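> Following this message is one structure expressed as structure tokens.
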Amino acid sequence: MTDAKTTPRGPCTGIRVIELAAMISGPYCGQMLAQLGAEVIKVEPPGGDLLRQSRPVYRDLGALFTHHNGGGKKSIGIDLTTTAGRELARDLIAGADVVLENFRPGVMEKLGLGYETLSAVNPRLIHVSITGYGQDGPYVKRPAYDQAIQALSGYMWVQGENQKPEPIRSTIVDRLSGVTACHGVLAALLHRERTGEGQQVSVPLMDAFMAVILPGSTNNETFLDAKLDHYEPRKIYQPVPTSDGYVMGHIQTDAQFEACAKMFGREDLLSDPRFKGVGNRLSNIEAMWSEMAVNAKEMTTDLVIELAVANDVPLNKVNRVQEVMRDPQALHNETFVEFEDPEYGRMRQLNFPVKFSATPGSAKVRAPKLGENTDEILRNAGISDERIADLRGKRIVS
């Protein structure tokens, strides 16, 4: 495995995180903390995180698992269904700064790993729980996955422009919840730095997703005592076909509209009353882009972008995922990073998106194999080789 000691020291260096999380939301938070320099110890059941099985798999490492568990995480397999396994987990957490989990409410308590129990041993501990709906309430016992939260949020009708419900075809709920949990961890660490006090941090998938996706969709429910006309959202997302693809952007100012019309050879639109001023253009935005498309569909995408850049029009090519990996700005920003792993060869991953001048994070370390760091983790916790051998013999660890 790539040596984490050779990677830059991120701003969270020295912070130890015990990750009792599986699938996407919790591990994505753990990955971000690892990329920021934290030591993240991923505790997995004997069979490993189920995400490991998601295809494509190269040797024994799944691509989707890799994209949520990189950054230098360490893996230890512990059977938490056993008394010895739970005791071992408590020993690890006793020396940690953060414990991160995404079990259903009540599971950690049944394991003897609830906040009250752990904080009694480690008062500075930050205990982060990612759940579907929160720690209590009418839905507390419901299982939750990304698709179920998308359905609940109301946004699928917005996505489908009120014609039929359309999901966002990405596990966006889980990842947004992971990002939100990372914010919570960093804020709790700052509070602890000031006061010495640990705390419990709760992140419901439901709330994390709605906080990001719904602003703009709740405008008509904002001023509760006002009698205002109902506002219909404008269909501002309009891909424009070219002769060999699509472009898309947004026209806001009069200067941008004038430049766009001239760029597409549609100066006649400048005198069209439907497009006079921002308000009229927004009210007729589908018609505006349809008019622009008359000539755009006869032009190549490269020509459209060349003219857009020359005329300061905010348009971009509609890329496929494989194309954006070759995009000049993405290459310049190192949006994706490539590195050589001694065992798995060349690998590509998304980089940490925040750039630090003094303490850069790093994504150039692959995800761990199941139990790859078990002996190292246990020795660092002060456990003798004899006890490690006993734990392995009894299949408490793997």
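Identifiers in the structure tokens: chain A, B, ... in order shown; residue index from 1 per chain; ligand index from 1 in order shown.
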Run DSSP on the backbone and give me the residues of range 135-361 of chain A it puts in helix (DSSP H, G or I), as a ChimeraX atom specification.

/A:146-153,155-159,172-195,205-213,219-221,254-263,267-271,273-275,278-283,285-296,301-310,321-324,328-333

> Using DSSP secondary structure from the backbone, list all strand (DSSP E) positions within range 197-334 of chain A, as a VMD selection string.

chain A and resid 199 to 204 240 to 241 246 to 249 315 to 317

> Can you list, as a list in words, every protein, DNA or RNA residue that comes within 8 Å of Gly14 in chain A when you count only C-alpha atoms, leaving out same-chain residues fewer than 5 positions away?

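Near neighbours after the sequence-gap exclusion: Gly37, Ala38 and Glu39 of chain A.
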
> Could the residues in this selection be saved with C-alpha atoms as a PDB file, in the first residue's frame?


ATOM      1  CA  GLY A  37      -4.615  14.184   7.261  1.00  0.00           C
ATOM      2  CA  ALA A  38      -6.556  12.429  10.038  1.00  0.00           C
ATOM      3  CA  GLU A  39      -5.720   8.845  10.944  1.00  0.00           C
TER       4      GLU A  39
END

> Can you tell me which residues surround Arg86 in chain A at a distance of at most 12 Å, considering only C-alpha atoms, apart from same-chain residues fewer than 3 positions away, and format the answer as a list in words?

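Final neighbour list, sorted by chain and number: Leu20, Val43, Pro45, Gly77, Ile78, Asp79, Leu80, Thr81, Thr82, Thr83, Ala89, Arg90, Asp91, Leu92, Ile93, Met108, Glu109, Lys110, Leu111, Gly112, Leu113, Gly114, Leu118, Ile396 and Val397 of chain A.
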
> Quick one: distance from CA of Gly106 in chain A to CA of Ala381 in chain A in Å, one decimal?

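If I compute the distance from CA of Gly106 in chain A to CA of Ala381 in chain A, I get 27.2 Å.
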
> May I have the residues within 9 Å of range 249-259 of chain A as a PyMOL selection string, using only C-alpha atoms and disregarding those fewer than 4 positions away in the same chain?

chain A and resi 236-240+263-264+267+269-270+275-278+281-282+308+311-317

> Write the residues of the selection above to a file with C-alpha atoms, as a short mmCIF file (atom, residue, chain, number, x, y, z; two decimals), in the first residue's frame.


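Done, and the output landed in result27.cif:
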data_model
loop_
_atom_site.label_atom_id
_atom_site.label_comp_id
_atom_site.auth_asym_id
_atom_site.auth_seq_id
_atom_site.Cartn_x
_atom_site.Cartn_y
_atom_site.Cartn_z
CA ILE A 236 -33.34 27.67 -16.74
CA TYR A 237 -31.62 24.33 -17.42
CA GLN A 238 -31.77 24.09 -21.20
CA PRO A 239 -29.14 22.07 -23.10
CA VAL A 240 -28.70 23.45 -26.62
CA MET A 263 -22.64 34.76 -31.63
CA PHE A 264 -25.38 32.55 -33.03
CA GLU A 267 -29.37 39.65 -34.07
CA LEU A 269 -33.79 38.50 -31.37
CA LEU A 270 -32.44 41.76 -29.93
CA PHE A 275 -36.48 38.81 -24.60
CA LYS A 276 -36.32 42.49 -23.64
CA GLY A 277 -34.88 42.64 -20.11
CA VAL A 278 -34.08 39.97 -17.55
CA ARG A 281 -36.14 36.50 -20.84
CA LEU A 282 -36.72 34.35 -17.76
CA ALA A 308 -18.58 31.90 -26.35
CA ASN A 311 -17.69 37.01 -26.49
CA ASP A 312 -17.68 36.35 -22.72
CA VAL A 313 -20.81 34.21 -22.91
CA PRO A 314 -21.13 31.70 -20.03
CA LEU A 315 -21.57 28.46 -21.99
CA ASN A 316 -19.76 25.15 -21.71
CA LYS A 317 -19.70 21.91 -23.61
#

> Show me, as CSV, the residues of range 19-95 of chain A having an atom within 12 Å of range 145-150 of chain A, each with the closest atom pair and its distance in Å, using only C-alpha atoms.


residue,atom,partner,partner_atom,distance
A:Met23,CA,A:Tyr145,CA,10.1
A:Ile24,CA,A:Asp146,CA,9.6
A:Ser25,CA,A:Asp146,CA,9.4

> My list of candidates is A:Cys29, A:Ile15, A:Ile305, A:Leu331. Which is closest to His183 in chain A when distances are computed with only C-alpha atoms?

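Checking each candidate against His183 in chain A, we get A:Cys29 as the closest.
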
> Report as a PyMOL selection string all protein, DNA and RNA residues lying within 10 Å of Leu186 in chain A, evaluated on only C-alpha atoms, omitting residues in the same chain fewer than 5 positions from it.

chain A and resi 12+33+126+181+191-192

> Write the residues you've just listed into a file as a short mmCIF file (atom, residue, chain, number, x, y, z; two decimals), in the first residue's frame, and include N, CA and C atoms for each of them.


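Saved result, selection_29.cif, follows:
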data_model
loop_
_atom_site.label_atom_id
_atom_site.label_comp_id
_atom_site.auth_asym_id
_atom_site.auth_seq_id
_atom_site.Cartn_x
_atom_site.Cartn_y
_atom_site.Cartn_z
N CYS A 12 -5.70 18.13 9.49
CA CYS A 12 -6.22 17.27 10.56
C CYS A 12 -5.21 16.23 11.03
N LEU A 33 -11.96 13.18 5.94
CA LEU A 33 -11.10 13.42 7.09
C LEU A 33 -9.73 12.81 6.87
N ILE A 126 -15.66 13.02 20.31
CA ILE A 126 -16.72 13.54 19.43
C ILE A 126 -17.36 12.34 18.76
N ALA A 181 -21.56 15.79 7.59
CA ALA A 181 -20.98 15.20 8.79
C ALA A 181 -19.54 15.66 8.98
N HIS A 191 -14.73 23.48 18.65
CA HIS A 191 -15.31 23.72 19.97
C HIS A 191 -14.48 23.04 21.06
N ARG A 192 -14.03 21.82 20.79
CA ARG A 192 -13.22 21.12 21.79
C ARG A 192 -11.88 21.80 22.00
#

> Find the residue from A:Met299, A:Ala363, A:Val107, A:Ile172 that sits nearest to Lys141 in chain A; use only C-alpha atoms when measuring.

A:Val107
